[in-house]
>>> print(open('upload.cif').read())   # mmCIF, C-alpha atoms
data_upload
loop_
_atom_site.label_atom_id
_atom_site.label_comp_id
_atom_site.auth_asym_id
_atom_site.auth_seq_id
_atom_site.Cartn_x
_atom_site.Cartn_y
_atom_site.Cartn_z
CA MET A 271 13.86 -18.82 7.68
CA ASN A 272 10.50 -18.06 9.25
CA GLN A 273 8.96 -14.91 7.84
CA ARG A 274 5.99 -12.62 8.30
CA ILE A 275 3.89 -12.77 5.13
CA VAL A 276 1.01 -10.51 4.10
CA VAL A 277 -1.22 -12.20 1.53
CA LYS A 278 -3.80 -10.28 -0.50
CA ILE A 279 -6.71 -12.09 -2.14
CA GLY A 280 -9.09 -10.20 -4.43
CA SER A 281 -12.83 -10.53 -4.98
CA SER A 282 -12.57 -12.42 -8.25
CA SER A 283 -10.50 -15.11 -6.55
CA LEU A 284 -13.20 -15.73 -3.92
CA THR A 285 -16.53 -15.39 -5.71
CA SER A 286 -18.47 -17.09 -8.47
CA GLU A 287 -19.20 -15.50 -11.83
CA GLN A 288 -22.78 -14.83 -10.73
CA GLY A 289 -21.68 -13.14 -7.50
CA GLY A 290 -21.68 -14.58 -4.03
CA LEU A 291 -18.93 -16.51 -2.27
CA ASP A 292 -17.52 -19.69 -3.75
CA ARG A 293 -16.93 -21.84 -0.66
CA SER A 294 -14.56 -24.15 -2.53
CA LYS A 295 -12.29 -21.18 -3.29
CA ILE A 296 -12.39 -20.03 0.33
CA ALA A 297 -11.43 -23.55 1.40
CA PHE A 298 -8.55 -23.68 -1.10
CA TYR A 299 -6.99 -20.40 0.02
CA ALA A 300 -7.51 -21.19 3.70
CA ASN A 301 -5.59 -24.44 3.22
CA GLU A 302 -2.83 -22.62 1.33
CA LEU A 303 -2.47 -20.12 4.19
CA LEU A 304 -2.47 -22.89 6.78
CA SER A 305 0.26 -24.69 4.84
CA ILE A 306 2.70 -21.80 5.14
CA ILE A 307 1.76 -21.30 8.79
CA ALA A 308 2.64 -24.98 9.32
CA ASN A 309 6.06 -24.17 7.86
CA GLY A 310 6.59 -21.63 10.64
CA HIS A 311 5.59 -18.42 8.88
CA GLN A 312 3.35 -15.72 10.38
CA VAL A 313 0.42 -14.68 8.18
CA VAL A 314 -1.74 -11.57 7.83
CA LEU A 315 -4.53 -11.91 5.26
CA VAL A 316 -5.85 -8.89 3.37
CA THR A 317 -9.07 -9.85 1.64
CA SER A 318 -11.61 -8.28 -0.66
CA GLY A 319 -15.01 -9.76 -1.40
CA ALA A 320 -17.51 -8.17 0.98
CA VAL A 321 -19.53 -6.35 -1.71
CA ALA A 322 -19.34 -9.30 -4.08
CA ALA A 323 -20.44 -11.67 -1.33
CA GLY A 324 -23.38 -9.52 -0.24
CA PHE A 325 -25.03 -8.02 -3.28
CA THR A 326 -26.93 -11.13 -4.36
CA ARG A 327 -27.98 -11.93 -0.80
CA ILE A 328 -29.35 -8.42 -0.32
CA GLY A 329 -31.43 -8.73 -3.49
CA TYR A 330 -29.48 -6.82 -6.19
CA SER A 331 -29.47 -8.55 -9.56
CA THR A 332 -26.05 -7.13 -10.49
CA ARG A 333 -23.12 -5.67 -8.60
CA PRO A 334 -24.24 -2.21 -7.38
CA LYS A 335 -22.65 1.01 -8.60
CA GLN A 336 -24.05 3.63 -6.18
CA LEU A 337 -21.97 4.18 -3.03
CA HIS A 338 -24.83 3.61 -0.59
CA GLU A 339 -25.77 0.40 -2.39
CA LYS A 340 -22.19 -0.86 -2.22
CA GLN A 341 -22.08 -0.03 1.48
CA ALA A 342 -25.31 -1.93 2.10
CA ALA A 343 -24.01 -4.92 0.17
CA ALA A 344 -20.75 -4.79 2.13
CA ALA A 345 -22.64 -4.72 5.43
CA VAL A 346 -24.27 -8.02 4.52
CA GLY A 347 -21.30 -9.49 2.69
CA GLN A 348 -18.64 -8.79 5.32
CA ALA A 349 -20.46 -11.03 7.82
CA LEU A 350 -20.78 -13.78 5.20
CA LEU A 351 -17.12 -13.43 4.23
CA MET A 352 -15.87 -13.71 7.81
CA GLN A 353 -18.22 -16.60 8.54
CA ALA A 354 -16.78 -18.50 5.58
CA TYR A 355 -13.19 -17.87 6.68
CA GLN A 356 -13.97 -18.70 10.32
CA GLU A 357 -15.55 -22.01 9.42
CA GLN A 358 -12.59 -23.05 7.29
CA PHE A 359 -9.93 -22.04 9.82
CA ASN A 360 -11.88 -23.34 12.82
CA SER A 361 -12.14 -26.76 11.19
CA GLN A 362 -8.33 -26.89 11.42
CA GLY A 363 -8.21 -25.59 14.99
CA VAL A 364 -7.14 -22.06 14.02
CA THR A 365 -8.88 -18.84 15.04
CA ALA A 366 -9.30 -15.87 12.70
CA ALA A 367 -9.93 -12.23 13.62
CA GLN A 368 -11.60 -9.43 11.65
CA ILE A 369 -9.91 -6.02 11.29
CA LEU A 370 -11.68 -3.33 9.25
CA LEU A 371 -9.63 -0.28 8.30
CA THR A 372 -10.08 3.02 6.44
CA ARG A 373 -7.57 5.59 5.24
CA GLN A 374 -8.31 7.64 8.33
CA ASP A 375 -6.96 4.82 10.47
CA PHE A 376 -3.61 5.14 8.73
CA ALA A 377 -3.65 8.94 8.55
CA ASN A 378 -4.15 9.23 12.32
CA ARG A 379 -0.90 8.10 13.93
CA LYS A 380 -2.55 6.97 17.17
CA ARG A 381 -5.17 4.88 15.36
CA GLY A 382 -2.53 3.39 13.09
CA HIS A 383 -0.43 2.48 16.11
CA ASN A 384 -3.43 0.86 17.77
CA ALA A 385 -4.08 -1.22 14.64
CA TRP A 386 -0.46 -2.36 14.61
CA MET A 387 -0.56 -3.30 18.30
CA THR A 388 -3.76 -5.30 17.77
CA ILE A 389 -2.29 -7.23 14.85
CA GLU A 390 0.90 -7.92 16.81
CA GLU A 391 -1.08 -9.37 19.72
CA LEU A 392 -3.22 -11.52 17.43
CA ILE A 393 -0.13 -12.98 15.76
CA LYS A 394 1.45 -13.58 19.17
CA GLN A 395 -1.64 -15.56 20.21
CA GLY A 396 -1.63 -17.64 17.03
CA VAL A 397 -4.68 -15.93 15.52
CA ILE A 398 -4.86 -15.08 11.79
CA PRO A 399 -5.68 -11.36 11.33
CA ILE A 400 -8.02 -10.87 8.38
CA VAL A 401 -7.96 -7.26 7.15
CA ASN A 402 -10.46 -5.62 4.84
CA GLU A 403 -11.47 -2.07 4.03
CA ASN A 404 -14.39 -0.85 6.14
CA ASP A 405 -16.61 -0.34 3.10
CA THR A 406 -19.72 0.45 5.15
CA VAL A 407 -18.29 3.78 6.37
CA SER A 408 -15.71 4.65 3.71
CA VAL A 409 -16.54 7.38 1.21
CA ASP A 410 -15.00 7.78 -2.23
CA GLU A 411 -12.35 10.31 -1.24
CA LEU A 412 -11.21 8.18 1.70
CA LYS A 413 -11.21 4.76 0.04
CA PHE A 414 -8.04 2.89 -0.84
CA GLY A 415 -9.41 2.43 -4.33
CA ASP A 416 -8.18 -1.13 -4.39
CA ASN A 417 -7.19 -3.52 -1.65
CA ASP A 418 -3.84 -3.94 -3.41
CA THR A 419 -2.90 -0.58 -1.88
CA LEU A 420 -4.33 -1.59 1.49
CA SER A 421 -2.23 -4.75 1.47
CA ALA A 422 0.97 -2.78 0.84
CA LEU A 423 0.19 -0.34 3.65
CA VAL A 424 -0.54 -3.24 6.00
CA ALA A 425 2.71 -4.96 4.96
CA ASN A 426 4.65 -1.84 5.89
CA LEU A 427 2.67 -1.34 9.10
CA VAL A 428 3.45 -4.83 10.43
CA HIS A 429 7.04 -4.86 9.09
CA ALA A 430 6.38 -7.88 6.89
CA ASN A 431 9.15 -9.74 5.11
CA GLN A 432 7.06 -10.28 2.00
CA LEU A 433 3.82 -9.18 0.35
CA VAL A 434 2.06 -11.75 -1.83
CA ILE A 435 -0.61 -10.32 -4.16
CA ILE A 436 -2.66 -13.05 -5.78
CA THR A 437 -3.98 -12.33 -9.27
CA ASP A 438 -5.30 -14.28 -12.25
CA THR A 439 -2.12 -13.89 -14.31
CA ASP A 440 1.31 -15.34 -13.59
CA GLY A 441 3.07 -12.00 -13.35
CA LEU A 442 3.84 -8.94 -15.45
CA TYR A 443 4.44 -9.28 -19.19
CA THR A 444 5.58 -6.90 -21.91
CA ALA A 445 2.10 -7.38 -23.44
CA ASP A 446 -1.06 -9.30 -22.69
CA PRO A 447 0.04 -12.96 -23.08
CA ARG A 448 -3.56 -13.94 -23.87
CA LYS A 449 -3.40 -11.84 -27.03
CA ASP A 450 0.30 -11.66 -27.94
CA PRO A 451 2.27 -14.94 -28.17
CA ASN A 452 5.53 -12.95 -28.21
CA ALA A 453 4.88 -11.34 -24.82
CA LYS A 454 7.82 -11.76 -22.46
CA LYS A 455 7.43 -12.20 -18.73
CA PHE A 456 9.34 -10.23 -16.09
CA GLU A 457 10.64 -12.74 -13.54
CA HIS A 458 12.37 -10.20 -11.28
CA ILE A 459 12.10 -6.41 -11.02
CA GLU A 460 14.29 -4.23 -8.80
CA THR A 461 13.05 -0.78 -9.85
CA ILE A 462 9.55 0.10 -11.03
CA THR A 463 10.19 2.61 -13.80
CA GLU A 464 7.82 4.44 -16.14
CA GLU A 465 8.66 1.82 -18.76
CA ILE A 466 7.55 -0.93 -16.37
CA TYR A 467 4.32 0.97 -15.75
CA SER A 468 3.73 1.22 -19.50
CA TYR A 469 3.56 -2.57 -19.70
CA ALA A 470 0.87 -2.64 -17.00
CA GLY A 471 -1.58 -0.65 -19.09
CA GLY A 472 -3.71 2.28 -18.05
CA ALA A 473 -4.93 5.41 -19.78
CA GLY A 474 -3.80 5.58 -23.39
CA SER A 475 -2.26 2.11 -23.37
CA THR A 476 -3.24 -0.90 -25.45
CA VAL A 477 -1.17 -3.57 -23.70
CA GLY A 478 -2.77 -3.76 -20.26
CA THR A 479 -3.10 -7.15 -18.59
CA GLY A 480 -6.03 -6.05 -16.42
CA GLY A 481 -5.59 -4.57 -12.96
CA MET A 482 -1.81 -4.89 -13.02
CA ARG A 483 -1.15 -1.18 -12.64
CA SER A 484 -2.65 -1.04 -9.14
CA LYS A 485 -0.53 -4.06 -8.23
CA LEU A 486 2.59 -2.24 -9.38
CA ASP A 487 1.55 0.72 -7.21
CA ALA A 488 1.23 -1.64 -4.26
CA ALA A 489 4.58 -3.31 -4.96
CA LYS A 490 6.22 0.11 -5.14
CA ILE A 491 4.79 1.12 -1.74
CA ALA A 492 5.93 -2.17 -0.24
CA MET A 493 9.42 -1.89 -1.71
CA ARG A 494 9.80 1.67 -0.43
CA GLY A 495 9.02 0.34 3.04
CA GLY A 496 11.62 -2.42 2.77
CA VAL A 497 9.16 -5.22 1.93
CA LYS A 498 9.75 -7.47 -1.08
CA ALA A 499 6.69 -8.38 -3.14
CA PHE A 500 5.30 -11.11 -5.36
CA VAL A 501 2.49 -10.65 -7.87
CA GLY A 502 1.23 -13.82 -9.44
CA ARG A 503 -1.01 -16.84 -9.59
CA VAL A 504 -1.98 -19.21 -6.76
CA GLN A 505 -4.29 -21.86 -8.21
CA GLN A 506 -2.82 -25.26 -7.41
CA ASP A 507 -1.99 -26.94 -4.11
CA GLY A 508 1.36 -25.65 -2.87
CA ASP A 509 1.41 -22.55 -5.09
CA LEU A 510 1.44 -20.17 -2.11
CA ARG A 511 4.32 -22.04 -0.49
CA ARG A 512 6.24 -21.86 -3.77
CA ALA A 513 5.52 -18.13 -4.04
CA VAL A 514 6.95 -17.57 -0.57
CA GLU A 515 9.98 -19.72 -1.35
CA GLY A 516 10.83 -17.70 -4.47
CA ILE A 517 9.77 -20.22 -7.11
CA GLY A 518 6.17 -19.13 -7.64
CA ALA A 519 4.28 -18.45 -10.86
CA GLY A 520 4.61 -14.69 -10.94
CA THR A 521 6.89 -11.66 -10.84
CA TYR A 522 9.13 -10.89 -7.87
CA PHE A 523 9.91 -7.33 -6.77
CA ALA A 524 13.13 -6.99 -4.81
CA THR A 525 14.18 -4.12 -2.54
CA LYS A 526 17.47 -3.02 -1.05
CA LYS A 527 15.80 -0.55 1.30
CA ASN A 528 15.41 -1.15 5.02
CA GLY A 529 12.04 -1.02 6.73
CA LEU A 530 10.92 2.48 7.63
CA PRO A 531 10.33 3.54 11.26
CA VAL A 532 6.67 4.00 12.15
CA LYS A 533 6.94 7.80 12.05
CA LYS A 534 8.40 7.80 8.54
CA GLN A 535 5.82 5.26 7.36
CA TRP A 536 3.11 7.61 8.51
CA LEU A 537 4.86 10.57 6.92
CA GLY A 538 5.43 8.89 3.57
CA PHE A 539 2.26 6.88 3.04
CA HIS A 540 -0.50 7.94 5.42
CA SER A 541 -0.18 11.66 6.12
CA THR A 542 -2.13 14.34 4.25
CA PRO A 543 0.10 17.04 2.67
CA LEU A 544 -1.26 20.54 3.18
CA GLY A 545 1.00 22.24 0.65
CA THR A 546 3.66 21.77 -1.99
CA ILE A 547 7.23 23.02 -2.13
CA VAL A 548 8.92 23.03 -5.54
CA VAL A 549 12.72 22.81 -5.32
CA ASP A 550 15.48 23.49 -7.81
CA ALA A 551 17.76 20.85 -9.34
CA GLY A 552 20.51 21.33 -6.76
CA ALA A 553 18.14 20.82 -3.83
CA GLU A 554 16.58 17.81 -5.53
CA GLN A 555 19.98 16.20 -5.92
CA ALA A 556 20.88 16.95 -2.30
CA LEU A 557 17.63 15.45 -0.99
CA LEU A 558 17.85 12.31 -3.12
CA GLY A 559 21.56 11.66 -3.25
CA LYS A 560 23.09 13.13 -0.12
CA GLY A 561 20.44 12.73 2.56
CA SER A 562 20.53 16.48 3.19
CA SER A 563 17.98 18.72 4.83
CA LEU A 564 16.07 21.19 2.65
CA LEU A 565 17.29 24.77 3.03
CA PRO A 566 15.50 27.95 1.85
CA VAL A 567 18.08 28.55 -0.88
CA GLY A 568 16.83 25.45 -2.73
CA VAL A 569 13.17 26.46 -2.69
CA HIS A 570 11.82 27.56 -6.07
CA LEU A 571 8.08 27.87 -5.43
CA VAL A 572 5.67 27.61 -2.49
CA GLN A 573 2.07 26.44 -2.91
CA GLY A 574 -0.72 25.95 -0.37
CA ASP A 575 -1.70 27.37 2.99
CA PHE A 576 0.32 25.45 5.57
CA HIS A 577 1.78 26.13 8.99
CA ALA A 578 4.94 25.09 10.82
CA GLY A 579 4.56 21.45 11.82
CA ASP A 580 2.35 20.51 8.86
CA VAL A 581 3.23 17.87 6.27
CA VAL A 582 4.09 19.14 2.79
CA GLU A 583 4.93 17.43 -0.47
CA VAL A 584 8.16 18.29 -2.24
CA THR A 585 8.48 18.14 -6.03
CA GLY A 586 11.12 18.96 -8.59
CA ILE A 587 10.79 21.64 -11.26
CA ASP A 588 9.29 18.93 -13.49
CA GLY A 589 6.42 18.41 -11.03
CA LYS A 590 7.47 14.87 -10.08
CA VAL A 591 7.17 14.08 -6.38
CA ILE A 592 10.47 13.71 -4.51
CA GLY A 593 9.13 13.10 -1.02
CA ARG A 594 7.30 14.48 2.00
CA GLY A 595 8.39 16.21 5.14
CA ILE A 596 7.34 18.23 8.16
CA VAL A 597 7.88 21.91 7.40
CA ASN A 598 9.39 24.37 9.90
CA TYR A 599 8.02 27.56 8.29
CA GLU A 600 4.64 29.20 7.85
CA HIS A 601 3.72 29.35 4.17
CA ASP A 602 4.01 33.16 4.03
CA GLN A 603 7.40 33.06 5.76
CA LEU A 604 8.73 30.58 3.25
CA GLN A 605 7.43 32.64 0.34
CA GLN A 606 9.47 35.59 1.67
CA VAL A 607 12.74 33.67 1.82
CA ALA A 608 12.42 31.20 -1.07
CA GLY A 609 15.80 31.06 -2.83
CA CYS A 610 17.58 33.04 -0.12
CA THR A 611 20.87 32.06 1.49
CA THR A 612 20.97 31.26 5.19
CA ALA A 613 22.54 34.63 5.97
CA ASP A 614 19.76 36.48 4.14
CA VAL A 615 17.06 34.41 5.83
CA LEU A 616 18.40 35.34 9.27
CA LYS A 617 18.28 39.01 8.32
CA LYS A 618 14.61 38.77 7.31
CA LEU A 619 13.12 36.29 9.79
CA ASN A 620 13.49 35.07 13.33
CA VAL A 621 13.00 31.32 12.93
CA PRO A 622 13.82 28.57 15.44
CA ARG A 623 15.30 26.31 12.73
CA ILE A 624 16.89 27.37 9.48
CA GLU A 625 16.01 24.11 7.69
CA VAL A 626 12.77 24.21 5.75
CA ILE A 627 12.55 20.43 6.32
CA HIS A 628 15.07 18.63 8.52
CA ARG A 629 16.30 15.30 7.16
CA ASP A 630 15.03 13.53 10.31
CA GLU A 631 11.50 14.64 9.39
CA TRP A 632 11.74 13.76 5.72
CA VAL A 633 11.01 10.63 3.64
CA THR A 634 12.00 10.10 0.04
CA LEU A 635 9.29 8.74 -2.28
CA ARG A 636 11.42 8.10 -5.35
#
>>> encode(input="upload.cif", output="structure tokens")
Amino acid sequence: MNQRIVVKIGSSSLTSEQGGLDRSKIAFYANELLSIIANGHQVVLVTSGAVAAGFTRIGYSTRPKQLHEKQAAAAVGQALLMQAYQEQFNSQGVTAAQILLTRQDFANRKRGHNAWMTIEELIKQGVIPIVNENDTVSVDELKFGDNDTLSALVANLVHANQLVIITDTDGLYTADPRKDPNAKKFEHIETITEEIYSYAGGAGSTVGTGGMRSKLDAAKIAMRGGVKAFVGRVQQDGDLRRAVEGIGAGTYFATKKNGLPVKKQWLGFHSTPLGTIVVDAGAEQALLGKGSSLLPVGVHLVQGDFHAGDVVEVTGIDGKVIGRGIVNYEHDQLQQVAGCTTADVLKKLNVPRIEVIHRDEWVTLR
């Protein structure tokens, strides 16, 4: 069955050890992408590599660390990166297009919609959209942090069937297979638990396989949006086709969830919460297990300065995020009626809707 595939390629897969683009690697991945297009699939490429491609050309001896230096390197490198892709695809009669995005483009619903419409039209016209973060204007607090996250957000945005994240290891293991011969590989994962995260490494861990945690974050975002994911190695001819067909060298992440509507995608992954509502155990169970709206009686604590119509984050007593929603109360109103029954709320306040968050304006993030 023909599918829409988002493929993410990182900097290390495209550049030499000294920095700068490795044209042979660009050629290899371009041919891999063209091979799955020839099989009838639609492709969106999410690529890194602008800073790595540009820093040597601009005159830096090593990869820069200061933000303005990275942005300067990206300004040079992005043109080089696109030129390399264009030459490879053009040689096969295929056109590629550049799309540069920041978090603000996802946070603003109109801009996000425009990006989606552009990608849809490019695919319709047989053009390969090549997405990268707009490093030249992004600042630290607005950056994706890693293009793994960007790739997952793009996969949800375009309603992809599968996200393929290419890395230098053939999937997730219980330990680093380069150091532990007894490490066992996860072939399929249906739920990304805290135990799964512990195998990916991170602060306080000694078993990390290098960069895998951000890939788990991306897989989790994709799965929540109804997109299955693959994290693994693409190094030999045909590896990408095998990854798409379910027999690749990596770990597969399945999902039973359906794709989220555009509004709920924005709400869950792109919006900026302006406050936090802590709910009791009964409300948490109702939100997660019954698809209920949040009522004042289930509210335990109100934090932040928000207004009716703003997005807020909802957590349990334990502080773990349950989801996000659009709140119907001013923060001071909700503080007055937190824990109150509906009858008591109506005695205290004149509100247009009794629900703190209606289930139609709610998305679960568990």
>>> resolve_selection(input="upload.cif", expression="the PyMOL selection byres ((chain A and resi 423) around 12)", output="compact mmCIF listing (two decimals) with C-alpha atoms, in the frame of the given file")
# COMPACT_ATOMS: atom_id res chain seq x y z
CA VAL A 276 1.01 -10.51 4.10
CA LYS A 278 -3.80 -10.28 -0.50
CA VAL A 316 -5.85 -8.89 3.37
CA LEU A 371 -9.63 -0.28 8.30
CA THR A 372 -10.08 3.02 6.44
CA ARG A 373 -7.57 5.59 5.24
CA ASP A 375 -6.96 4.82 10.47
CA PHE A 376 -3.61 5.14 8.73
CA ALA A 377 -3.65 8.94 8.55
CA GLY A 382 -2.53 3.39 13.09
CA ALA A 385 -4.08 -1.22 14.64
CA TRP A 386 -0.46 -2.36 14.61
CA VAL A 401 -7.96 -7.26 7.15
CA ASN A 402 -10.46 -5.62 4.84
CA GLU A 403 -11.47 -2.07 4.03
CA PHE A 414 -8.04 2.89 -0.84
CA ASP A 416 -8.18 -1.13 -4.39
CA ASN A 417 -7.19 -3.52 -1.65
CA ASP A 418 -3.84 -3.94 -3.41
CA THR A 419 -2.90 -0.58 -1.88
CA LEU A 420 -4.33 -1.59 1.49
CA SER A 421 -2.23 -4.75 1.47
CA ALA A 422 0.97 -2.78 0.84
CA VAL A 424 -0.54 -3.24 6.00
CA ALA A 425 2.71 -4.96 4.96
CA ASN A 426 4.65 -1.84 5.89
CA LEU A 427 2.67 -1.34 9.10
CA VAL A 428 3.45 -4.83 10.43
CA HIS A 429 7.04 -4.86 9.09
CA ALA A 430 6.38 -7.88 6.89
CA LEU A 433 3.82 -9.18 0.35
CA ASP A 487 1.55 0.72 -7.21
CA ALA A 488 1.23 -1.64 -4.26
CA ALA A 489 4.58 -3.31 -4.96
CA LYS A 490 6.22 0.11 -5.14
CA ILE A 491 4.79 1.12 -1.74
CA ALA A 492 5.93 -2.17 -0.24
CA MET A 493 9.42 -1.89 -1.71
CA ARG A 494 9.80 1.67 -0.43
CA GLY A 495 9.02 0.34 3.04
CA GLY A 496 11.62 -2.42 2.77
CA VAL A 497 9.16 -5.22 1.93
CA LEU A 530 10.92 2.48 7.63
CA VAL A 532 6.67 4.00 12.15
CA GLN A 535 5.82 5.26 7.36
CA TRP A 536 3.11 7.61 8.51
CA GLY A 538 5.43 8.89 3.57
CA PHE A 539 2.26 6.88 3.04
CA HIS A 540 -0.50 7.94 5.42
>>> atom_distance(input="upload.cif", atom1="atom CA of Ile627 of chain A", atom2="atom CA of Gly529 of chain A")
21.5 Å
>>> residues_near_point(input="upload.cif", point="(11.4, -7.5, -9.4)", cutoff="7 Å", atoms="only C-alpha atoms", output="PyMOL selection string")
chain A and resi 457-461+521-524
>>> axis_aligned_box(input="upload.cif", around="segment 584-602 of chain A", padding_each_side="4 Å", output="AutoDock Vina command-line options")
--center_x 7.4 --center_y 23.1 --center_z -1.8 --size_x 15.4 --size_y 28.1 --size_z 31.4
>>> resolve_selection(input="upload.cif", expression="the PyMOL selection byres ((chain A and resi 443-447) around 10)", output="PyMOL selection string")
chain A and resi 439-442+448-457+465-466+468-471+476-480+482+520-521
>>> atom_distance(input="upload.cif", atom1="atom CA of Thr437 of chain A", atom2="atom CA of Arg636 of chain A")
25.9 Å
>>> residues_around(input="upload.cif", residues="segment 321-328 of chain A", least_positions_apart="4", cutoff="12 Å", atoms="all atoms listed in the file", output="ChimeraX atom specification")
/A:280-293,296,317,332-354,402-406
>>> resolve_selection(input="upload.cif", expression="the PyMOL selection byres ((chain A and resi 515) around 12)", output="NGL selection string")
:A and (271-273 or 275 or 306 or 309 or 311 or 431-432 or 434 or 499-500 or 508-514 or 516-519 or 522)
>>> write_last_selection(input="upload.cif", atoms="C-alpha atoms", output="mmCIF file, keeping the file's coordinate frame")
data_model
loop_
_atom_site.group_PDB
_atom_site.id
_atom_site.type_symbol
_atom_site.label_atom_id
_atom_site.label_comp_id
_atom_site.auth_asym_id
_atom_site.auth_seq_id
_atom_site.Cartn_x
_atom_site.Cartn_y
_atom_site.Cartn_z
ATOM 1 C CA MET A 271 13.860 -18.820 7.680
ATOM 2 C CA ASN A 272 10.500 -18.060 9.250
ATOM 3 C CA GLN A 273 8.960 -14.910 7.840
ATOM 4 C CA ILE A 275 3.890 -12.770 5.130
ATOM 5 C CA ILE A 306 2.700 -21.800 5.140
ATOM 6 C CA ASN A 309 6.060 -24.170 7.860
ATOM 7 C CA HIS A 311 5.590 -18.420 8.880
ATOM 8 C CA ASN A 431 9.150 -9.740 5.110
ATOM 9 C CA GLN A 432 7.060 -10.280 2.000
ATOM 10 C CA VAL A 434 2.060 -11.750 -1.830
ATOM 11 C CA ALA A 499 6.690 -8.380 -3.140
ATOM 12 C CA PHE A 500 5.300 -11.110 -5.360
ATOM 13 C CA GLY A 508 1.360 -25.650 -2.870
ATOM 14 C CA ASP A 509 1.410 -22.550 -5.090
ATOM 15 C CA LEU A 510 1.440 -20.170 -2.110
ATOM 16 C CA ARG A 511 4.320 -22.040 -0.490
ATOM 17 C CA ARG A 512 6.240 -21.860 -3.770
ATOM 18 C CA ALA A 513 5.520 -18.130 -4.040
ATOM 19 C CA VAL A 514 6.950 -17.570 -0.570
ATOM 20 C CA GLY A 516 10.830 -17.700 -4.470
ATOM 21 C CA ILE A 517 9.770 -20.220 -7.110
ATOM 22 C CA GLY A 518 6.170 -19.130 -7.640
ATOM 23 C CA ALA A 519 4.280 -18.450 -10.860
ATOM 24 C CA TYR A 522 9.130 -10.890 -7.870
#
>>> atom_distance(input="upload.cif", atom1="atom CA of His601 of chain A", atom2="atom CA of Phe576 of chain A")
5.4 Å
>>> residues_around(input="upload.cif", residues="Gly396 of chain A", least_positions_apart="4", cutoff="10 Å", atoms="all atoms listed in the file", output="ChimeraX atom specification")
/A:307,312-313,364-366,391-392
>>> residues_around(input="upload.cif", residues="segment 604-616 of chain A", least_positions_apart="6", cutoff="9 Å", atoms="all atoms listed in the file", output="PyMOL selection string")
chain A and resi 565-573+624+626
>>> residues_around(input="upload.cif", residues="Gln362 of chain A", least_positions_apart="2", cutoff="12 Å", atoms="only C-alpha atoms", output="short mmCIF file (atom, residue, chain, number, x, y, z; two decimals) with C-alpha atoms, in the frame of the given file")
data_model
loop_
_atom_site.label_atom_id
_atom_site.label_comp_id
_atom_site.auth_asym_id
_atom_site.auth_seq_id
_atom_site.Cartn_x
_atom_site.Cartn_y
_atom_site.Cartn_z
CA ALA A 297 -11.43 -23.55 1.40
CA ALA A 300 -7.51 -21.19 3.70
CA ASN A 301 -5.59 -24.44 3.22
CA LEU A 303 -2.47 -20.12 4.19
CA LEU A 304 -2.47 -22.89 6.78
CA SER A 305 0.26 -24.69 4.84
CA ILE A 307 1.76 -21.30 8.79
CA ALA A 308 2.64 -24.98 9.32
CA TYR A 355 -13.19 -17.87 6.68
CA GLN A 356 -13.97 -18.70 10.32
CA GLU A 357 -15.55 -22.01 9.42
CA GLN A 358 -12.59 -23.05 7.29
CA PHE A 359 -9.93 -22.04 9.82
CA ASN A 360 -11.88 -23.34 12.82
CA VAL A 364 -7.14 -22.06 14.02
CA THR A 365 -8.88 -18.84 15.04
CA ALA A 366 -9.30 -15.87 12.70
#
>>> closest_residue(input="upload.cif", among="A:Gln555, A:Asn598, A:Thr525, A:Thr634", to="Gly579 of chain A", atoms="all atoms listed in the file")
A:Asn598
>>> residues_near_point(input="upload.cif", point="(17.7, 17.3, -4.5)", cutoff="12 Å", atoms="only C-alpha atoms", output="ChimeraX atom specification")
/A:548-565,567-570,584-587,590-593,629,634,636
